[in-house]
Number of protein chains: 4
Amino acid sequence: MFSVGIIGITGYAGVQLAHMVARHHHARLTYAGSHSHAGRKLKDIHPHLASPEGDILLQDDDIQTAAASCDVIFLALPAGIAAGTLNEDILKKTVVIDLGADFRLRDRAVYEAWYKKLAAPSALLEKAVYGLVELHRDEIRNSRLIANPGCYTTCSILSLHPLLKQGLIEPEGIIIDAKSGVSGAGRELSIDTQFCEANESVKAYGVAVHRHTPEIEQELGFARQGGQPVIVQFTPHLIPMDRGILTTCYASLKAGVNASSVAAAYEDAYGKEKFIGMRPSSSLPQTRWVKGSNRCDIGWVIDERTGRIIVVGALDNLVKGAAGQALQNMNVVMGCDEDTGLSASGIFPI
Amino acid sequence: MFSVGIIGITGYAGVQLAHMVARHHHARLTYAGSHSHAGRKLKDIHPHLASPEGDILLQDDDIQTAAASCDVIFLALPAGIAAGTLNEDILKKTVVIDLGADFRLRDRAVYEAWYKKLAAPSALLEKAVYGLVELHRDEIRNSRLIANPGCYTTCSILSLHPLLKQGLIEPEGIIIDAKSGVSGAGRELSIDTQFCEANESVKAYGVAVHRHTPEIEQELGFARQGGQPVIVQFTPHLIPMDRGILTTCYASLKAGVNASSVAAAYEDAYGKEKFIGMRPSSSLPQTRWVKGSNRCDIGWVIDERTGRIIVVGALDNLVKGAAGQALQNMNVVMGCDEDTGLSASGIFPI
Amino acid sequence: MFSVGIIGITGYAGVQLAHMVARHHHARLTYAGSHSHAGRKLKDIHPHLASPEGDILLQDDDIQTAAASCDVIFLALPAGIAAGTLNEDILKKTVVIDLGADFRLRDRAVYEAWYKKLAAPSALLEKAVYGLVELHRDEIRNSRLIANPGCYTTCSILSLHPLLKQGLIEPEGIIIDAKSGVSGAGRELSIDTQFCEANESVKAYGVAVHRHTPEIEQELGFARQGGQPVIVQFTPHLIPMDRGILTTCYASLKAGVNASSVAAAYEDAYGKEKFIGMRPSSSLPQTRWVKGSNRCDIGWVIDERTGRIIVVGALDNLVKGAAGQALQNMNVVMGCDEDTGLSASGIFPI
Amino acid sequence: MFSVGIIGITGYAGVQLAHMVARHHHARLTYAGSHSHAGRKLKDIHPHLASPEGDILLQDDDIQTAAASCDVIFLALPAGIAAGTLNEDILKKTVVIDLGADFRLRDRAVYEAWYKKLAAPSALLEKAVYGLVELHRDEIRNSRLIANPGCYTTCSILSLHPLLKQGLIEPEGIIIDAKSGVSGAGRELSIDTQFCEANESVKAYGVAVHRHTPEIEQELGFARQGGQPVIVQFTPHLIPMDRGILTTCYASLKAGVNASSVAAAYEDAYGKEKFIGMRPSSSLPQTRWVKGSNRCDIGWVIDERTGRIIVVGALDNLVKGAAGQALQNMNVVMGCDEDTGLSASGIFPI
């Protein structure tokens with residue numbers, strides 16, 4: 001049994017994580033940090049939670065205090081805060097799994113260009129591992145600082161990584177058209193996420209400038225032989241639903257590549273993965289099939305007419321795209337079975 | 001470890017039950033009956049399910065065969081079928097938990113008047129127990145035939161039972177105005193449940209004739225001293241959401257009844273119940289707070305101006321209103337801890 | 001051709017009104033008041049509007065200035081502002097149609113008890129007419145100050161008024177259980193109306209204290225012979241949809257009243273009304289059937305078992321419940337055909 | 001005043017058209033054809049419609065009979081029926097505006113390859129004009145057979161046509177990722193469009209095989225100098241909302257093309273069009289802004305990093321994508337003002 005802290009527990013990712021940690025056989029939630037609601041019980045803010053986790057008393061979101069008493073702490077904070085607060089002393093005391101963006105990008109200049117903030121110190125960045133378990137399992141096992149990937153990025157990278165790794169698609173010209181439910185925008189008040197403004201509508205946003213772009217490019221670049229850079233066109237859209245991400249990825253197949261080689265590449269990459277659901281070609285992923293699940297579903301179609309492969313990925317942005325993946329990281333780093341407390345099955349209709 | 005069969009597994013209640021049974025530590029799903037999809041895997045019909053439960057092979061929905069091999073069978077069938085099929089021989093072999101209506105009403109004439117079908121034989125009806133655990137726990141423990149309550153009825157009865165039992169409200173003039181998500185209508189094709197017909201709209205239906213009415217009246221009648229009859233006005237409404245039931249109940253307070261006596265009645269009835277969530281008066285139940293949970297939340301307001309109490313109940317129609325309650329019944333009858341495989345906490349936002 | 005001003009034009013009711021005034025053959029929108037957005041074009045805030053109305057320049061929401069230049073001004077303002085600003089001088093210059101609550105209640109003490117604000121001066125209140133055209137057409141024609149009714153109240157009053165007027169129902173024990181889309185809450189930022197908080201959920205709110213209660217009671221009291229008071233139990237609910245109100249009204253029928261007398265009462269009251277849609281008994285109103293329409297649909301069922309009538313009303317809260325009704329009032333007071341610029345047909349599916 | 005017939009009036013496009021024709025100053029609806037509901041009134045099937053159009057008696061969907069009595073007939077029928085029924089005799093009697101696909105494609109072989117049905121006779125096809133008014137206004141004016149474009153195609157073609165015509169983008173490598181509300185699937189019963197199956201989810205469908213692809217390619221090919229072919233990758237997605245289409249189009253800019261030349265191309269093409277809404281670059285189109293409007297909104301972003309332009313189009317699939325465009329065609333061919341009975345402004349929030 002180990003002790004767990006969550007900083008930023010009342011946001012959508014934080015409270016999903018609280019729900020999951022409370023059901024984990026080896027973890028015990030002992031620190032619940034909330035900047036805005038310290039002094040109240042978690043169920044006062046989130047009445048969907050019953051005892052015991054609903055009764056946890058919220059404390060200030062103090063990383064130092066949490067680190068002193070917890071074996072693992074999860075950070076669910078706005079960009080920039082973790083970068084400015086974490087240090088080696090904290091990492092000596094506790095394992096940090098950061099759901100934010102501050103430790104995801106290897107290149108400080110790239111972070112600063114896209115985030116318009118000071119990047120984390122190099123010494124810390126070097127200790128960080130990109131927490132996409134299916135790609136970096138062994139490194140995660142030996143790390144004390146895990147950068148949990150973004151929701152869009154998890155879905156995009158898992159969809160395309162095997163094809164780039166095996167050299168089946170052209171690395172140029174990749175387009176990722178992504179669709180997300182509204183919970184991806186977090187719980188902050190905003191006119192754009194008011195019910196009557198987001199309901200019954202769809203829109204593109206962050207076109208050409210969305211911050212998940214460099215994260216996708218970094219990991220897809222690593223997939224290539226020699227790690228050469230990959231440039232992707234990434235366009236997110238807001239969909240009138242609570243949860244779910246769908247990424248529709250377009251890439252040109254290299255000459256001679258056919259359905260068998262594509263199927264083999266995915267089998268090779270994910271054949272033993274519990275949380276990747278490869279779809280039959282007749283039935284592409286839908287976000288309703290992964291709600292509440294830690295799965296990322298992937299399906300694909302080859303268009304002979306255009307020479308392209310269209311790969312569709314789907315996941316629950318608050319589970320495999322945030323809290324579930326964070327728990328999966330915790331399981332790996334703490335030596336638990338990787339699927340402890342995680343469900344591959346989803347819940348439907350919900 | 002005991003073996004479980006589900007007949008009618010591909011409907012919304014059936015597949016929710018499959019999901020829950022697969023996560024139950026003492027149960028093993030061994031018979032999956034589906035009239036329409038026999039020969040296919042469950043995940044072919046319901047891709048949200050992963051292995052192992054997704055891989056179950058669907059068989060014909062044969063109650064006899066299921067009974068011969070299972071310790072418990074759940075029936076999720078249209079009205080009339082269970083009444084015409086069950087017999088004492090089956091009940092000798094297995095425990096039956098019926099999610100349908102055929103064994104809920106004690107009075108055969110009442111069943112036949114509301115359902116326009118032949119009622120189940122008296123001999124079988126006498127063996128049946130109404131499976132609302134919070135009211136009939138001891139009888140359920142010793143039964144072989146459990147009639148799992150309807151979704152609207154569970155919410156309505158739990159809301160009002162303590163007040164009638166303690167004689168705090170007038171038994172005359174009770175009105176229950178209920179609201180349900182669309183999954184309550186089941187998975188059959190229907191123009192009224194097509195997306196564009198149900199979305200962005202609300203309507204009343206079954207006014208004065210809804211079949212859950214006599215079930216509510218029966219159990220509320222039992223609550224009264226002497227079991228005198230109770231007549232309720234019950235009006236369901238269709239709400240553009242997947243899951244959830246809210247019941248707004250109106251009753252006149254008897255003279256001298258105040259907030260303390262009401263609070264005491266609920267505390268007396270539910271103080272030790274894990275799956276009843278009494279809300280503070282400042283914060284009435286909302287269906288989003290019980291999604292995925294086996295809880296029924298209850299809150300109330302006394303209107304001094306009108307002399308009435310307004311009691312609001314909320315539950316997830318596929319969990320406490322169907323599959324979760326069925327599992328709770330199974331736990332009781334099979335001697336497991338009552339909350340095995342059931343969560344009091346919900347999932348939000350989903 | 002007469003000139004029209006709208007104060008508070010960027011709220012949901014205000015912008016619906018702008019859309020309607022722009023399509024009215026005899027009216028011209030000449031003053032567009034917006035406290036927060038003065039200096040911008042209306043289409044900058046509301047890009048659904050094209051030229052010409054989208055190009056209107058927003059001015060400060062100054063009632064005096066608007067009154068000086070407009071034949072009619074509409075006020076869509078928070079409670080209390082109109083009461084503190086209007087005066088006889090303004091009413092000499094212009095006709096005022098107030099979409100707010102300040103002039104709806106005849107009794108200043110009732111207003112102050114429910115609104116916790118100072119009521120409008122008696123001298124002004126005496127000039128005000130309650131702008132429910134179907135009930136007060138002749139008074140409206142001769143008024144300079146029209147209090148446009150609330151959305152819930154319009155639906156509730158129209159549903160029950162003929163029954164009380166004809167003495168067909170008991171005035172005691174009336175219950176109105178109402179359901180509203182989220183646009184009824186206005187366009188102000190609020191955590192409760194954020195998409196992920198309101199979507200896929202239903203809740204009651206304002207139980208026993210909602211401010212539309214006294215407005216309903218006032219007009220239903222006027223319906224009774226002798227104008228004796230009527231007390232109603234009114235409970236609103238929030239429904240996950242943009243537009244629409246459904247009111248489910250419960251009342252006890254007086255002895256000897258039957259379906260014919262009820263039908264005759266409605267025919268007598270509404271037989272010649274263009275904007276009341278009486279439904280056949282087999283098909284109660286649904287909110288989707290009145291979206292974009294100025295109709296209030298009404299249907300009813302008699303429950304012989306309980307001696308009650310259940311009357312269901314439906315309207316579009318931003319049309320017959322706000323802007324459409326305001327335009328209908330304008331037509332009456334300005335001498336236009338009552339349906340100019342108003343559609344009895346709705347739009348579906350939308 | 002001219003007389004109008006609608007064949008297939010009870011589908012979503014047909015009933016939207018009925019609503020619009022009833023509000024048109026020069027047209028009178030005289031023939032309402034419905035295969036399934038002949039003998040009933042239109043408002044029995046669609047209670048959102050009030051008198052007068054709601055009272056129209058439905059007749060069998062007989063094109064011959066309609067042609068004999070109407071100046072214009074609209075066909076809203078499944079693919080293949082119009083191709084097999086229309087003939088020169090009918091076109092002598094009446095103008096036909098076909099909302100289906102049978103006369104959209106110039107090349108019979110292309111039609112037969114994508115639709116797996118016999119194409120319309122060449123003699124008839126030669127008389128047909130592709131009814132996208134902004135591109136073919138003059139031809140439409142002189143035609144008797146107008147093929148109203150598909151919903152996805154209208155949005156896609158209008159978005160990209162000016163760029164291809166001016167040679168600003170590479171004709172190779174165009175990708176159109178489209179999103180549609182559920183009404184696009186029509187009113188037929190289907191498990192995929194049941195509320196609980198489509199709600200709270202997003203999916204791709206028809207990947208690489210959707211029938212709107214060749215229609216887009218045909219018109220974009222015509223845009224090029226010399227009419228050389230254009231191949232596009234078209235992927236539609238189903239969005240949990242009633243109405244609206246958003247197309248996100250990706251194309252590579254030719255060398256030297258900049259924002260000014262792009263803006264000039266759109267201005268040149270659409271500067272005088274009432275129903276094209278060019279968005280400022282800071283504010284891309286959203287489907288909620290065109291609901292109920294006959295507008296197609298277009299916005300674009302140049303991504304210097306990738307050398308691409310991303311063009312986003314939005315329209316209401318039942319208005320500019322179907323019935324509104326059909327009415328616009330009628331206005332042109334019958335010599336009315338092009339915007340008669342059509343609104344450029346939308347309705348919001350609805």
# chains A, B, ... in the order shown; residues from 1 in each chain; ligands from 1
$ closest_atom_pairs --of "chain A" --to "chain D" --cutoff "9 Å" --atoms "only C-alpha atoms" --output "Markdown table"
| residue | atom | partner | partner_atom | distance |
| --- | --- | --- | --- | --- |
| A:Gly173 | CA | D:Thr306 | CA | 8.4 |
| A:Ile175 | CA | D:Tyr250 | CA | 8.4 |
| A:Asp177 | CA | D:Asp177 | CA | 7.1 |
| A:Lys179 | CA | D:Val202 | CA | 7.9 |
| A:Ser180 | CA | D:Val202 | CA | 8.8 |
| A:Gly181 | CA | D:Glu200 | CA | 8.3 |
| A:Cys196 | CA | D:Pro349 | CA | 6.0 |
| A:Glu197 | CA | D:Pro349 | CA | 7.2 |
| A:Ala198 | CA | D:Arg288 | CA | 8.4 |
| A:Asn199 | CA | D:Met241 | CA | 7.7 |
| A:Glu200 | CA | D:Met241 | CA | 4.7 |
| A:Ser201 | CA | D:Arg288 | CA | 4.9 |
| A:Val202 | CA | D:Thr287 | CA | 5.7 |
| A:Lys203 | CA | D:Gln286 | CA | 4.7 |
| A:Ala204 | CA | D:Leu284 | CA | 7.2 |
| A:Tyr205 | CA | D:Leu284 | CA | 7.7 |
| A:Val207 | CA | D:Val301 | CA | 7.1 |
| A:Ala208 | CA | D:Asp303 | CA | 5.6 |
| A:Val209 | CA | D:Asp303 | CA | 8.6 |
| A:Ile231 | CA | D:Thr306 | CA | 7.4 |
| A:Val232 | CA | D:Thr306 | CA | 7.7 |
| A:Gln233 | CA | D:Thr306 | CA | 7.0 |
| A:Thr235 | CA | D:Thr248 | CA | 8.7 |
| A:Ile239 | CA | D:Ile239 | CA | 7.1 |
| A:Pro240 | CA | D:Pro240 | CA | 6.5 |
| A:Met241 | CA | D:Glu200 | CA | 4.8 |
| A:Asp242 | CA | D:Glu200 | CA | 6.8 |
| A:Arg243 | CA | D:Glu200 | CA | 7.4 |
| A:Gly244 | CA | D:Ser201 | CA | 7.2 |
| A:Ile245 | CA | D:Val202 | CA | 8.2 |
| A:Leu246 | CA | D:Val202 | CA | 7.0 |
| A:Thr248 | CA | D:Ala204 | CA | 7.9 |
| A:Tyr250 | CA | D:Ile175 | CA | 8.4 |
| A:Ser283 | CA | D:Tyr205 | CA | 8.9 |
| A:Leu284 | CA | D:Ala204 | CA | 7.2 |
| A:Pro285 | CA | D:Lys203 | CA | 6.7 |
| A:Gln286 | CA | D:Lys203 | CA | 4.7 |
| A:Thr287 | CA | D:Ser201 | CA | 5.1 |
| A:Arg288 | CA | D:Ser201 | CA | 4.9 |
| A:Trp289 | CA | D:Ser201 | CA | 8.4 |
| A:Val301 | CA | D:Val207 | CA | 7.1 |
| A:Ile302 | CA | D:Ala208 | CA | 7.9 |
| A:Asp303 | CA | D:Ala208 | CA | 5.6 |
| A:Glu304 | CA | D:Ala208 | CA | 8.7 |
| A:Arg305 | CA | D:Ala208 | CA | 8.2 |
| A:Thr306 | CA | D:Gln233 | CA | 7.0 |
| A:Arg308 | CA | D:Gln233 | CA | 8.5 |
| A:Ile310 | CA | D:Val207 | CA | 7.9 |
| A:Val312 | CA | D:Ala204 | CA | 7.8 |
| A:Ala314 | CA | D:Lys203 | CA | 8.8 |
| A:Phe348 | CA | D:Cys196 | CA | 8.7 |
| A:Pro349 | CA | D:Cys196 | CA | 6.0 |
| A:Ile350 | CA | D:Glu200 | CA | 7.9 |
$ residues_around --residues "C:Val230" --least-positions-apart "5" --cutoff "8 Å" --atoms "only C-alpha atoms" --output "list of chain:residue names"
C:Pro171, C:Glu172, C:Glu217, C:Gln218, C:Leu220, C:Gly221
$ write_last_selection --atoms "N, CA and C atoms" --output "short mmCIF file (atom, residue, chain, number, x, y, z; two decimals), in the first residue's frame"
data_model
loop_
_atom_site.label_atom_id
_atom_site.label_comp_id
_atom_site.auth_asym_id
_atom_site.auth_seq_id
_atom_site.Cartn_x
_atom_site.Cartn_y
_atom_site.Cartn_z
N PRO C 171 -59.67 25.35 -7.31
CA PRO C 171 -58.56 26.32 -7.28
C PRO C 171 -57.49 25.93 -6.25
N GLU C 172 -57.83 25.01 -5.38
CA GLU C 172 -56.82 24.56 -4.40
C GLU C 172 -56.05 23.36 -4.97
N GLU C 217 -49.85 33.05 -9.98
CA GLU C 217 -50.96 33.13 -9.02
C GLU C 217 -51.83 34.36 -9.27
N GLN C 218 -51.18 35.48 -9.60
CA GLN C 218 -51.94 36.71 -9.87
C GLN C 218 -52.92 36.51 -11.01
N LEU C 220 -53.96 33.73 -12.50
CA LEU C 220 -54.97 32.67 -12.28
C LEU C 220 -56.02 33.14 -11.29
N GLY C 221 -55.60 33.97 -10.35
CA GLY C 221 -56.58 34.55 -9.43
C GLY C 221 -57.58 35.43 -10.16
#
$ select_by_dssp --residues "stretch 62-92 of chain C" --states "alpha helix (DSSP H)" --output "list in words"
Ile63, Gln64, Thr65, Ala66, Ala67, Ala68, Ser69, Ile81, Ala82, Ala83, Gly84, Thr85, Glu88, Asp89, Ile90, Leu91 and Lys92 of chain C
$ residues_around --residues "stretch 145-149 of chain B" --least-positions-apart "4" --cutoff "8 Å" --atoms "only C-alpha atoms" --output "PyMOL selection string"
chain B and resi 91+95-104+127-132+140+153-154+321-322+325-326+329
$ write_last_selection --atoms "N, CA and C atoms" --output "mmCIF file, in the first residue's frame"
data_model
loop_
_atom_site.group_PDB
_atom_site.id
_atom_site.type_symbol
_atom_site.label_atom_id
_atom_site.label_comp_id
_atom_site.auth_asym_id
_atom_site.auth_seq_id
_atom_site.Cartn_x
_atom_site.Cartn_y
_atom_site.Cartn_z
ATOM 1 N N LEU B 91 -36.853 -23.022 -10.817
ATOM 2 C CA LEU B 91 -36.461 -22.396 -9.540
ATOM 3 C C LEU B 91 -35.756 -23.375 -8.601
ATOM 4 N N VAL B 95 -31.430 -19.647 -9.050
ATOM 5 C CA VAL B 95 -32.097 -18.443 -8.550
ATOM 6 C C VAL B 95 -32.393 -17.545 -9.748
ATOM 7 N N VAL B 96 -33.605 -17.033 -9.830
ATOM 8 C CA VAL B 96 -33.982 -16.162 -10.943
ATOM 9 C C VAL B 96 -34.158 -14.721 -10.455
ATOM 10 N N ILE B 97 -33.457 -13.813 -11.102
ATOM 11 C CA ILE B 97 -33.661 -12.384 -10.838
ATOM 12 C C ILE B 97 -34.221 -11.786 -12.122
ATOM 13 N N ASP B 98 -35.471 -11.410 -12.063
ATOM 14 C CA ASP B 98 -36.189 -10.966 -13.268
ATOM 15 C C ASP B 98 -36.218 -9.452 -13.332
ATOM 16 N N LEU B 99 -35.582 -8.883 -14.351
ATOM 17 C CA LEU B 99 -35.592 -7.421 -14.500
ATOM 18 C C LEU B 99 -36.893 -6.918 -15.115
ATOM 19 N N GLY B 100 -37.739 -7.831 -15.563
ATOM 20 C CA GLY B 100 -39.018 -7.446 -16.150
ATOM 21 C C GLY B 100 -40.096 -7.287 -15.090
ATOM 22 N N ALA B 101 -41.327 -7.120 -15.568
ATOM 23 C CA ALA B 101 -42.419 -6.731 -14.675
ATOM 24 C C ALA B 101 -43.285 -7.887 -14.197
ATOM 25 N N ASP B 102 -43.055 -9.086 -14.710
ATOM 26 C CA ASP B 102 -44.051 -10.147 -14.533
ATOM 27 C C ASP B 102 -44.278 -10.606 -13.098
ATOM 28 N N PHE B 103 -43.320 -10.387 -12.227
ATOM 29 C CA PHE B 103 -43.495 -10.884 -10.856
ATOM 30 C C PHE B 103 -43.480 -9.773 -9.813
ATOM 31 N N ARG B 104 -43.647 -8.555 -10.299
ATOM 32 C CA ARG B 104 -43.582 -7.430 -9.352
ATOM 33 C C ARG B 104 -44.896 -7.187 -8.630
ATOM 34 N N LYS B 127 -44.091 -17.135 -4.576
ATOM 35 C CA LYS B 127 -42.675 -17.347 -4.271
ATOM 36 C C LYS B 127 -41.834 -16.100 -4.552
ATOM 37 N N ALA B 128 -42.391 -15.178 -5.308
ATOM 38 C CA ALA B 128 -41.600 -14.020 -5.736
ATOM 39 C C ALA B 128 -41.485 -12.969 -4.638
ATOM 40 N N VAL B 129 -40.358 -12.331 -4.602
ATOM 41 C CA VAL B 129 -40.114 -11.233 -3.658
ATOM 42 C C VAL B 129 -39.822 -9.975 -4.463
ATOM 43 N N TYR B 130 -40.336 -8.856 -4.006
ATOM 44 C CA TYR B 130 -40.066 -7.580 -4.684
ATOM 45 C C TYR B 130 -38.655 -7.118 -4.316
ATOM 46 N N GLY B 131 -37.801 -7.044 -5.321
ATOM 47 C CA GLY B 131 -36.376 -6.894 -5.067
ATOM 48 C C GLY B 131 -35.868 -5.497 -4.824
ATOM 49 N N LEU B 132 -36.542 -4.764 -3.995
ATOM 50 C CA LEU B 132 -36.009 -3.452 -3.587
ATOM 51 C C LEU B 132 -35.310 -3.688 -2.256
ATOM 52 N N ILE B 140 -35.558 -11.195 0.551
ATOM 53 C CA ILE B 140 -34.742 -11.482 -0.644
ATOM 54 C C ILE B 140 -33.724 -12.563 -0.334
ATOM 55 N N THR B 153 -39.983 3.256 -10.600
ATOM 56 C CA THR B 153 -40.558 2.846 -9.320
ATOM 57 C C THR B 153 -39.527 2.887 -8.201
ATOM 58 N N THR B 154 -38.328 2.414 -8.488
ATOM 59 C CA THR B 154 -37.289 2.443 -7.457
ATOM 60 C C THR B 154 -37.115 3.857 -6.928
ATOM 61 N N GLY B 321 -31.498 1.642 -11.140
ATOM 62 C CA GLY B 321 -32.809 1.416 -11.743
ATOM 63 C C GLY B 321 -32.916 0.125 -12.530
ATOM 64 N N ALA B 322 -31.836 -0.661 -12.614
ATOM 65 C CA ALA B 322 -31.918 -1.919 -13.372
ATOM 66 C C ALA B 322 -30.768 -2.856 -12.982
ATOM 67 N N GLN B 325 -29.128 -2.678 -9.310
ATOM 68 C CA GLN B 325 -30.035 -3.220 -8.302
ATOM 69 C C GLN B 325 -30.151 -4.739 -8.430
ATOM 70 N N ALA B 326 -30.114 -5.235 -9.665
ATOM 71 C CA ALA B 326 -30.160 -6.688 -9.873
ATOM 72 C C ALA B 326 -28.927 -7.334 -9.254
ATOM 73 N N ASN B 329 -29.283 -7.374 -5.550
ATOM 74 C CA ASN B 329 -30.123 -8.515 -5.183
ATOM 75 C C ASN B 329 -29.324 -9.818 -5.204
#
$ residues_around --residues "D:Gln194" --least-positions-apart "3" --cutoff "8 Å" --atoms "only C-alpha atoms" --output "list in words"
Leu189, Ser190, Thr193, Gln194 and Phe195 of chain B; Leu189, Ser190, Ile191, Glu197 and Ala198 of chain D
$ write_last_selection --atoms "C-alpha atoms" --output "CSV table (one decimal), in the first residue's frame"
chain,number,residue,atom,x,y,z
B,189,LEU,CA,-35.9,0.9,-33.2
B,190,SER,CA,-38.6,3.6,-32.9
B,193,THR,CA,-36.2,7.6,-30.0
B,194,GLN,CA,-34.4,8.6,-33.3
B,195,PHE,CA,-31.9,11.2,-32.5
D,189,LEU,CA,-35.3,4.3,-38.8
D,190,SER,CA,-31.8,3.1,-38.2
D,191,ILE,CA,-30.0,1.7,-35.1
D,197,GLU,CA,-26.3,5.3,-30.2
D,198,ALA,CA,-25.6,8.7,-31.8
$ atom_distance --atom1 "atom CA of A:Ser293" --atom2 "atom CA of B:Lys41"
19.2 Å
$ residues_around --residues "A:Ile56" --least-positions-apart "2" --cutoff "8 Å" --atoms "only C-alpha atoms" --output "JSON, numbers by chain"
{"A": [32, 41, 42, 43, 52, 53, 54, 58]}
$ atom_distance --atom1 "atom CA of D:Val4" --atom2 "atom CA of D:Tyr31"
6.6 Å
$ select_by_dssp --residues "stretch 39-129 of chain B" --states "strand (DSSP E)" --output "PyMOL selection string"
chain B and resi 72-75+95-98+128-129
$ write_last_selection --atoms "all heavy atoms" --output "compact mmCIF listing (two decimals), in the first residue's frame"
# COMPACT_ATOMS: atom_id res chain seq x y z
N VAL B 72 -27.28 -18.58 -10.80
CA VAL B 72 -28.20 -17.43 -10.84
C VAL B 72 -28.44 -17.08 -12.30
O VAL B 72 -27.49 -17.06 -13.09
CB VAL B 72 -27.58 -16.18 -10.18
CG1 VAL B 72 -28.59 -15.03 -10.13
CG2 VAL B 72 -27.04 -16.49 -8.80
N ILE B 73 -29.69 -16.80 -12.66
CA ILE B 73 -29.92 -16.23 -13.99
C ILE B 73 -30.71 -14.92 -13.87
O ILE B 73 -31.61 -14.78 -13.05
CB ILE B 73 -30.61 -17.20 -14.98
CG1 ILE B 73 -31.99 -17.64 -14.49
CG2 ILE B 73 -29.72 -18.39 -15.29
CD1 ILE B 73 -32.75 -18.48 -15.52
N PHE B 74 -30.30 -13.99 -14.70
CA PHE B 74 -31.00 -12.71 -14.81
C PHE B 74 -31.83 -12.74 -16.09
O PHE B 74 -31.33 -13.14 -17.14
CB PHE B 74 -30.00 -11.56 -14.91
CG PHE B 74 -29.17 -11.36 -13.68
CD1 PHE B 74 -27.90 -11.92 -13.57
CD2 PHE B 74 -29.65 -10.59 -12.62
CE1 PHE B 74 -27.12 -11.72 -12.43
CE2 PHE B 74 -28.87 -10.38 -11.48
CZ PHE B 74 -27.61 -10.95 -11.39
N LEU B 75 -33.06 -12.28 -15.99
CA LEU B 75 -33.90 -12.18 -17.17
C LEU B 75 -34.14 -10.71 -17.52
O LEU B 75 -34.59 -9.94 -16.67
CB LEU B 75 -35.27 -12.84 -16.92
CG LEU B 75 -35.26 -14.28 -16.38
CD1 LEU B 75 -36.70 -14.79 -16.26
CD2 LEU B 75 -34.45 -15.19 -17.30
N VAL B 95 -31.43 -19.65 -9.05
CA VAL B 95 -32.10 -18.44 -8.55
C VAL B 95 -32.39 -17.54 -9.75
O VAL B 95 -31.52 -17.35 -10.60
CB VAL B 95 -31.19 -17.69 -7.55
CG1 VAL B 95 -31.75 -16.31 -7.24
CG2 VAL B 95 -31.00 -18.51 -6.29
N VAL B 96 -33.61 -17.03 -9.83
CA VAL B 96 -33.98 -16.16 -10.94
C VAL B 96 -34.16 -14.72 -10.45
O VAL B 96 -34.90 -14.47 -9.49
CB VAL B 96 -35.28 -16.65 -11.61
CG1 VAL B 96 -35.75 -15.64 -12.67
CG2 VAL B 96 -35.09 -18.02 -12.24
N ILE B 97 -33.46 -13.81 -11.10
CA ILE B 97 -33.66 -12.38 -10.84
C ILE B 97 -34.22 -11.79 -12.12
O ILE B 97 -33.53 -11.71 -13.14
CB ILE B 97 -32.34 -11.70 -10.42
CG1 ILE B 97 -31.79 -12.38 -9.16
CG2 ILE B 97 -32.57 -10.20 -10.18
CD1 ILE B 97 -30.45 -11.87 -8.69
N ASP B 98 -35.47 -11.41 -12.06
CA ASP B 98 -36.19 -10.97 -13.27
C ASP B 98 -36.22 -9.45 -13.33
O ASP B 98 -36.81 -8.79 -12.48
CB ASP B 98 -37.62 -11.53 -13.23
CG ASP B 98 -38.41 -11.14 -14.48
OD1 ASP B 98 -37.79 -10.75 -15.49
OD2 ASP B 98 -39.66 -11.22 -14.44
N ALA B 128 -42.39 -15.18 -5.31
CA ALA B 128 -41.60 -14.02 -5.74
C ALA B 128 -41.48 -12.97 -4.64
O ALA B 128 -42.41 -12.76 -3.85
CB ALA B 128 -42.22 -13.39 -6.98
N VAL B 129 -40.36 -12.33 -4.60
CA VAL B 129 -40.11 -11.23 -3.66
C VAL B 129 -39.82 -9.98 -4.46
O VAL B 129 -39.14 -10.04 -5.49
CB VAL B 129 -38.91 -11.56 -2.76
CG1 VAL B 129 -38.50 -10.35 -1.93
CG2 VAL B 129 -39.24 -12.73 -1.86
